$ cat model-v4.tsv   # TSV, C-alpha atoms
chain	number	residue	atom	x	y	z
A	1	MET	CA	-22.84	-177.61	32.79
A	2	PRO	CA	-24.89	-177.29	36.00
A	3	LEU	CA	-22.48	-174.83	37.65
A	4	THR	CA	-22.17	-172.51	34.65
A	5	ASN	CA	-22.74	-168.90	35.73
A	6	ARG	CA	-23.75	-169.98	39.23
A	7	ARG	CA	-22.43	-167.61	41.91
A	8	ILE	CA	-20.64	-169.77	44.50
A	9	LEU	CA	-19.26	-168.30	47.72
A	10	VAL	CA	-16.24	-170.16	49.10
A	11	VAL	CA	-15.70	-169.88	52.87
A	12	GLU	CA	-12.40	-171.61	53.66
A	13	ASP	CA	-9.46	-170.57	55.85
A	14	GLU	CA	-6.84	-172.91	54.33
A	15	TYR	CA	-5.35	-170.71	51.60
A	16	MET	CA	-4.15	-173.45	49.24
A	17	LEU	CA	-7.40	-175.41	49.45
A	18	ALA	CA	-9.41	-172.22	48.90
A	19	GLN	CA	-7.34	-171.38	45.81
A	20	ASP	CA	-7.73	-174.92	44.46
A	21	MET	CA	-11.50	-174.70	44.96
A	22	LEU	CA	-11.58	-171.32	43.25
A	23	LEU	CA	-9.78	-172.66	40.19
A	24	GLU	CA	-11.84	-175.86	39.99
A	25	LEU	CA	-15.12	-173.98	40.34
A	26	GLN	CA	-14.07	-171.46	37.70
A	27	ASP	CA	-13.10	-174.34	35.38
A	28	ALA	CA	-16.63	-175.72	35.92
A	29	GLY	CA	-18.04	-172.38	34.77
A	30	ALA	CA	-18.99	-170.97	38.18
A	31	VAL	CA	-18.56	-167.36	39.21
A	32	VAL	CA	-16.60	-167.59	42.47
A	33	ILE	CA	-17.22	-165.15	45.29
A	34	GLY	CA	-14.42	-164.94	47.84
A	35	PRO	CA	-12.82	-167.00	49.18
A	36	GLU	CA	-13.54	-165.68	52.65
A	37	PRO	CA	-11.36	-167.05	55.50
A	38	SER	CA	-13.39	-166.14	58.61
A	39	VAL	CA	-16.87	-166.11	60.09
A	40	ALA	CA	-16.90	-162.29	60.23
A	41	ARG	CA	-15.86	-161.86	56.59
A	42	ALA	CA	-18.26	-164.56	55.41
A	43	LEU	CA	-21.18	-162.89	57.21
A	44	MET	CA	-20.20	-159.53	55.76
A	45	ARG	CA	-20.05	-160.99	52.25
A	46	ILE	CA	-23.42	-162.74	52.64
A	47	ASN	CA	-25.00	-159.43	53.65
A	48	GLU	CA	-23.31	-157.47	50.84
A	49	GLU	CA	-23.93	-159.77	47.88
A	50	THR	CA	-27.24	-159.54	46.06
A	51	THR	CA	-26.99	-163.00	44.53
A	52	ILE	CA	-25.35	-166.10	45.97
A	53	ASP	CA	-26.51	-169.38	44.44
A	54	ALA	CA	-24.68	-171.69	46.85
A	55	VAL	CA	-21.87	-171.75	49.40
A	56	VAL	CA	-18.99	-174.10	50.17
A	57	LEU	CA	-18.56	-173.71	53.93
A	58	ASP	CA	-15.64	-175.00	55.99
A	59	VAL	CA	-16.90	-175.83	59.49
A	60	ASN	CA	-13.74	-174.77	61.34
A	61	LEU	CA	-12.51	-171.32	60.37
A	62	GLY	CA	-9.33	-170.49	62.24
A	63	GLY	CA	-10.57	-172.29	65.34
A	64	GLU	CA	-14.02	-170.69	65.15
A	65	GLN	CA	-17.10	-172.78	64.35
A	66	ALA	CA	-18.93	-171.62	61.20
A	67	PHE	CA	-22.44	-172.27	62.51
A	68	PRO	CA	-23.35	-168.53	62.62
A	69	VAL	CA	-22.63	-168.49	58.87
A	70	ALA	CA	-24.77	-171.59	58.33
A	71	ASP	CA	-27.59	-169.97	60.34
A	72	ALA	CA	-27.40	-166.84	58.15
A	73	LEU	CA	-27.51	-168.99	55.01
A	74	VAL	CA	-30.57	-170.86	56.27
A	75	ALA	CA	-32.28	-167.54	57.10
A	76	LYS	CA	-31.59	-166.28	53.57
A	77	ARG	CA	-32.49	-169.64	52.00
A	78	ILE	CA	-29.08	-169.99	50.38
A	79	PRO	CA	-28.10	-173.65	49.88
A	80	PHE	CA	-24.71	-174.77	51.13
A	81	VAL	CA	-22.27	-177.64	51.32
A	82	PHE	CA	-20.21	-178.21	54.44
A	83	ALA	CA	-16.56	-178.89	53.58
A	84	SER	CA	-15.49	-180.57	56.76
A	85	GLY	CA	-13.02	-182.99	58.19
A	86	TYR	CA	-15.70	-183.92	60.70
A	87	ASP	CA	-18.61	-186.32	60.34
A	88	ASP	CA	-20.96	-184.74	62.82
A	89	ASP	CA	-24.53	-186.02	63.22
A	90	ALA	CA	-25.45	-182.86	65.14
A	91	MET	CA	-24.36	-180.80	62.15
A	92	THR	CA	-26.52	-182.73	59.70
A	93	SER	CA	-29.51	-182.82	62.05
A	94	ARG	CA	-29.29	-179.05	62.62
A	95	TYR	CA	-28.92	-178.37	58.87
A	96	PRO	CA	-30.80	-181.20	57.13
A	97	ASP	CA	-30.74	-179.53	53.69
A	98	ALA	CA	-26.97	-179.12	53.70
A	99	VAL	CA	-24.64	-181.73	52.28
A	100	ASN	CA	-21.46	-182.70	54.12
A	101	CYS	CA	-18.53	-183.08	51.74
A	102	ALA	CA	-15.96	-184.75	54.00
A	103	LYS	CA	-12.32	-183.64	53.75
A	104	PRO	CA	-10.22	-184.75	52.08
A	105	PHE	CA	-12.53	-184.73	49.08
A	106	SER	CA	-12.09	-184.90	45.34
A	107	PHE	CA	-13.24	-181.87	43.41
A	108	ARG	CA	-15.58	-184.14	41.47
A	109	THR	CA	-17.27	-184.97	44.80
A	110	LEU	CA	-17.47	-181.27	45.68
A	111	MET	CA	-19.05	-180.45	42.30
A	112	ARG	CA	-21.63	-183.23	42.72
A	113	SER	CA	-22.39	-181.99	46.23
A	114	LEU	CA	-22.97	-178.45	44.96
A	115	GLU	CA	-25.15	-179.72	42.13
A	116	ALA	CA	-27.20	-181.67	44.70
A	117	VAL	CA	-28.06	-178.57	46.75
A	118	LEU	CA	-28.68	-176.17	43.87
A	119	PRO	CA	-32.30	-175.70	42.81

$ encode --input "model-v4.tsv" --output "structure tokens"
Amino acid sequence: MPLTNRRILVVEDEYMLAQDMLLELQDAGAVVIGPEPSVARALMRINEETTIDAVVLDVNLGGEQAFPVADALVAKRIPFVFASGYDDDAMTSRYPDAVNCAKPFSFRTLMRSLEAVLP
């Protein structure tokens, strides 16, 4: 399985969705980091962790845009998938290597999106 033993950070402020993602990713064999519900906590986690293979990143975290997190991921060359209810061309042009997994999404779609960004 492509996600087996991959360390995936989940950055999502909706508790139930974050828990569902955690369980689905664990079922797929991933090691889940988080979930982290805010920009500040996500940035802290990114700086603390020695290995993050990929990130699922909600764009809107409690009313705060997650672009500082995306910028940190780009700087550290960590691939990520936007989990967003928005289809924003500016987002995809600013982060061309990221995949936008539009909410609501199936977990199969999320898994395929993660597999697409992982090396």

$ residues_around --input "model-v4.tsv" --residues "Asp53 (chain A)" --least-positions-apart "3" --cutoff "7 Å" --atoms "only C-alpha atoms" --output "PyMOL selection string"
chain A and resi 6-8+78

$ atom_distance --input "model-v4.tsv" --atom1 "CA of Ser84 (chain A)" --atom2 "CA of Asn60 (chain A)"
7.6 Å

$ residues_around --input "model-v4.tsv" --residues "Pro37 (chain A)" --least-positions-apart "2" --cutoff "6 Å" --atoms "only C-alpha atoms" --output "PyMOL selection string"
chain A and resi 11-13

$ closest_residue --input "model-v4.tsv" --among "A:Ile33, A:Glu115, A:Val74, A:Arg94" --to "Thr51 (chain A)" --atoms "only C-alpha atoms"
A:Ile33

$ closest_residue --input "model-v4.tsv" --among "A:Val55, A:Leu25, A:Leu73, A:Leu61" --to "Met111 (chain A)" --atoms "only C-alpha atoms"
A:Leu25

$ residues_around --input "model-v4.tsv" --residues "Ala70 (chain A)" --least-positions-apart "4" --cutoff "12 Å" --atoms "all atoms listed in the file" --output "PyMOL selection string"
chain A and resi 11+39+42-43+46+54-60+65-66+74-83+91-92+94-99

$ residues_around --input "model-v4.tsv" --residues "Gln26 (chain A)" --least-positions-apart "2" --cutoff "12 Å" --atoms "only C-alpha atoms" --output "ChimeraX atom specification"
/A:1,3-10,19-24,28-33,107,111

$ atom_distance --input "model-v4.tsv" --atom1 "CA of Gly63 (chain A)" --atom2 "CA of Ser38 (chain A)"
9.5 Å

$ axis_aligned_box --input "model-v4.tsv" --around "region 7-15 of chain A" --padding-each-side "8 Å" --output "lines of an AutoDock Vina configuration file"
center_x = -13.9
center_y = -170.3
center_z = 48.9
size_x = 33.1
size_y = 21.3
size_z = 29.9

$ atom_distance --input "model-v4.tsv" --atom1 "CA of Leu114 (chain A)" --atom2 "CA of Ala40 (chain A)"
23.0 Å

$ closest_residue --input "model-v4.tsv" --among "A:Val69, A:Asp27, A:Glu64, A:Pro104" --to "Asn47 (chain A)" --atoms "only C-alpha atoms"
A:Val69

$ closest_residue --input "model-v4.tsv" --among "A:Arg41, A:Glu14, A:Gly85, A:Pro119" --to "Phe105 (chain A)" --atoms "only C-alpha atoms"
A:Gly85

$ decode --input "model-v4.tsv" --residues "region 55-79 of chain A" --atoms "N, CA and C atoms" --output "mmCIF file, in the first residue's frame"
data_model
loop_
_atom_site.group_PDB
_atom_site.id
_atom_site.type_symbol
_atom_site.label_atom_id
_atom_site.label_comp_id
_atom_site.auth_asym_id
_atom_site.auth_seq_id
_atom_site.Cartn_x
_atom_site.Cartn_y
_atom_site.Cartn_z
ATOM 1 N N VAL A 55 1.308 16.271 3.898
ATOM 2 C CA VAL A 55 0.375 16.979 4.780
ATOM 3 C C VAL A 55 -0.972 17.116 4.086
ATOM 4 N N VAL A 56 -2.040 16.913 4.857
ATOM 5 C CA VAL A 56 -3.394 17.272 4.425
ATOM 6 C C VAL A 56 -3.688 18.592 5.117
ATOM 7 N N LEU A 57 -3.911 19.643 4.322
ATOM 8 C CA LEU A 57 -3.996 21.000 4.853
ATOM 9 C C LEU A 57 -5.329 21.654 4.504
ATOM 10 N N ASP A 58 -6.146 21.890 5.527
ATOM 11 C CA ASP A 58 -7.371 22.674 5.349
ATOM 12 C C ASP A 58 -6.956 24.121 5.105
ATOM 13 N N VAL A 59 -7.607 24.790 4.179
ATOM 14 C CA VAL A 59 -7.233 26.162 3.828
ATOM 15 C C VAL A 59 -7.718 27.164 4.867
ATOM 16 N N ASN A 60 -8.893 26.917 5.444
ATOM 17 C CA ASN A 60 -9.477 27.845 6.405
ATOM 18 C C ASN A 60 -9.462 27.183 7.777
ATOM 19 N N LEU A 61 -8.611 27.693 8.654
ATOM 20 C CA LEU A 61 -8.462 27.123 9.993
ATOM 21 C C LEU A 61 -9.000 28.111 11.020
ATOM 22 N N GLY A 62 -10.239 27.913 11.414
ATOM 23 C CA GLY A 62 -10.855 28.804 12.394
ATOM 24 C C GLY A 62 -10.905 30.247 11.931
ATOM 25 N N GLY A 63 -11.147 30.451 10.654
ATOM 26 C CA GLY A 63 -11.215 31.796 10.093
ATOM 27 C C GLY A 63 -9.880 32.355 9.648
ATOM 28 N N GLU A 64 -8.807 31.614 9.876
ATOM 29 C CA GLU A 64 -7.469 32.055 9.487
ATOM 30 C C GLU A 64 -7.010 31.265 8.260
ATOM 31 N N GLN A 65 -6.476 31.965 7.260
ATOM 32 C CA GLN A 65 -5.980 31.302 6.062
ATOM 33 C C GLN A 65 -4.701 30.529 6.385
ATOM 34 N N ALA A 66 -4.563 29.342 5.811
ATOM 35 C CA ALA A 66 -3.446 28.447 6.110
ATOM 36 C C ALA A 66 -2.232 28.665 5.212
ATOM 37 N N PHE A 67 -2.187 29.764 4.478
ATOM 38 C CA PHE A 67 -1.075 29.976 3.555
ATOM 39 C C PHE A 67 0.291 30.062 4.239
ATOM 40 N N PRO A 68 0.418 30.583 5.469
ATOM 41 C CA PRO A 68 1.730 30.526 6.132
ATOM 42 C C PRO A 68 2.208 29.083 6.338
ATOM 43 N N VAL A 69 1.278 28.175 6.573
ATOM 44 C CA VAL A 69 1.629 26.760 6.708
ATOM 45 C C VAL A 69 2.094 26.225 5.357
ATOM 46 N N ALA A 70 1.353 26.532 4.305
ATOM 47 C CA ALA A 70 1.743 26.087 2.964
ATOM 48 C C ALA A 70 3.119 26.627 2.598
ATOM 49 N N ASP A 71 3.395 27.887 2.930
ATOM 50 C CA ASP A 71 4.711 28.472 2.646
ATOM 51 C C ASP A 71 5.821 27.724 3.389
ATOM 52 N N ALA A 72 5.569 27.360 4.646
ATOM 53 C CA ALA A 72 6.558 26.602 5.424
ATOM 54 C C ALA A 72 6.788 25.222 4.815
ATOM 55 N N LEU A 73 5.718 24.597 4.335
ATOM 56 C CA LEU A 73 5.849 23.283 3.704
ATOM 57 C C LEU A 73 6.664 23.373 2.421
ATOM 58 N N VAL A 74 6.412 24.394 1.621
ATOM 59 C CA VAL A 74 7.184 24.593 0.391
ATOM 60 C C VAL A 74 8.660 24.795 0.739
ATOM 61 N N ALA A 75 8.934 25.621 1.745
ATOM 62 C CA ALA A 75 10.319 25.891 2.147
ATOM 63 C C ALA A 75 11.039 24.624 2.595
ATOM 64 N N LYS A 76 10.294 23.709 3.231
ATOM 65 C CA LYS A 76 10.889 22.457 3.712
ATOM 66 C C LYS A 76 10.758 21.313 2.700
ATOM 67 N N ARG A 77 10.173 21.628 1.557
ATOM 68 C CA ARG A 77 9.971 20.646 0.483
ATOM 69 C C ARG A 77 9.144 19.443 0.949
ATOM 70 N N ILE A 78 8.100 19.747 1.708
ATOM 71 C CA ILE A 78 7.161 18.718 2.160
ATOM 72 C C ILE A 78 5.929 18.813 1.273
ATOM 73 N N PRO A 79 5.573 17.730 0.572
ATOM 74 C CA PRO A 79 4.394 17.783 -0.297
ATOM 75 C C PRO A 79 3.107 17.866 0.519
#
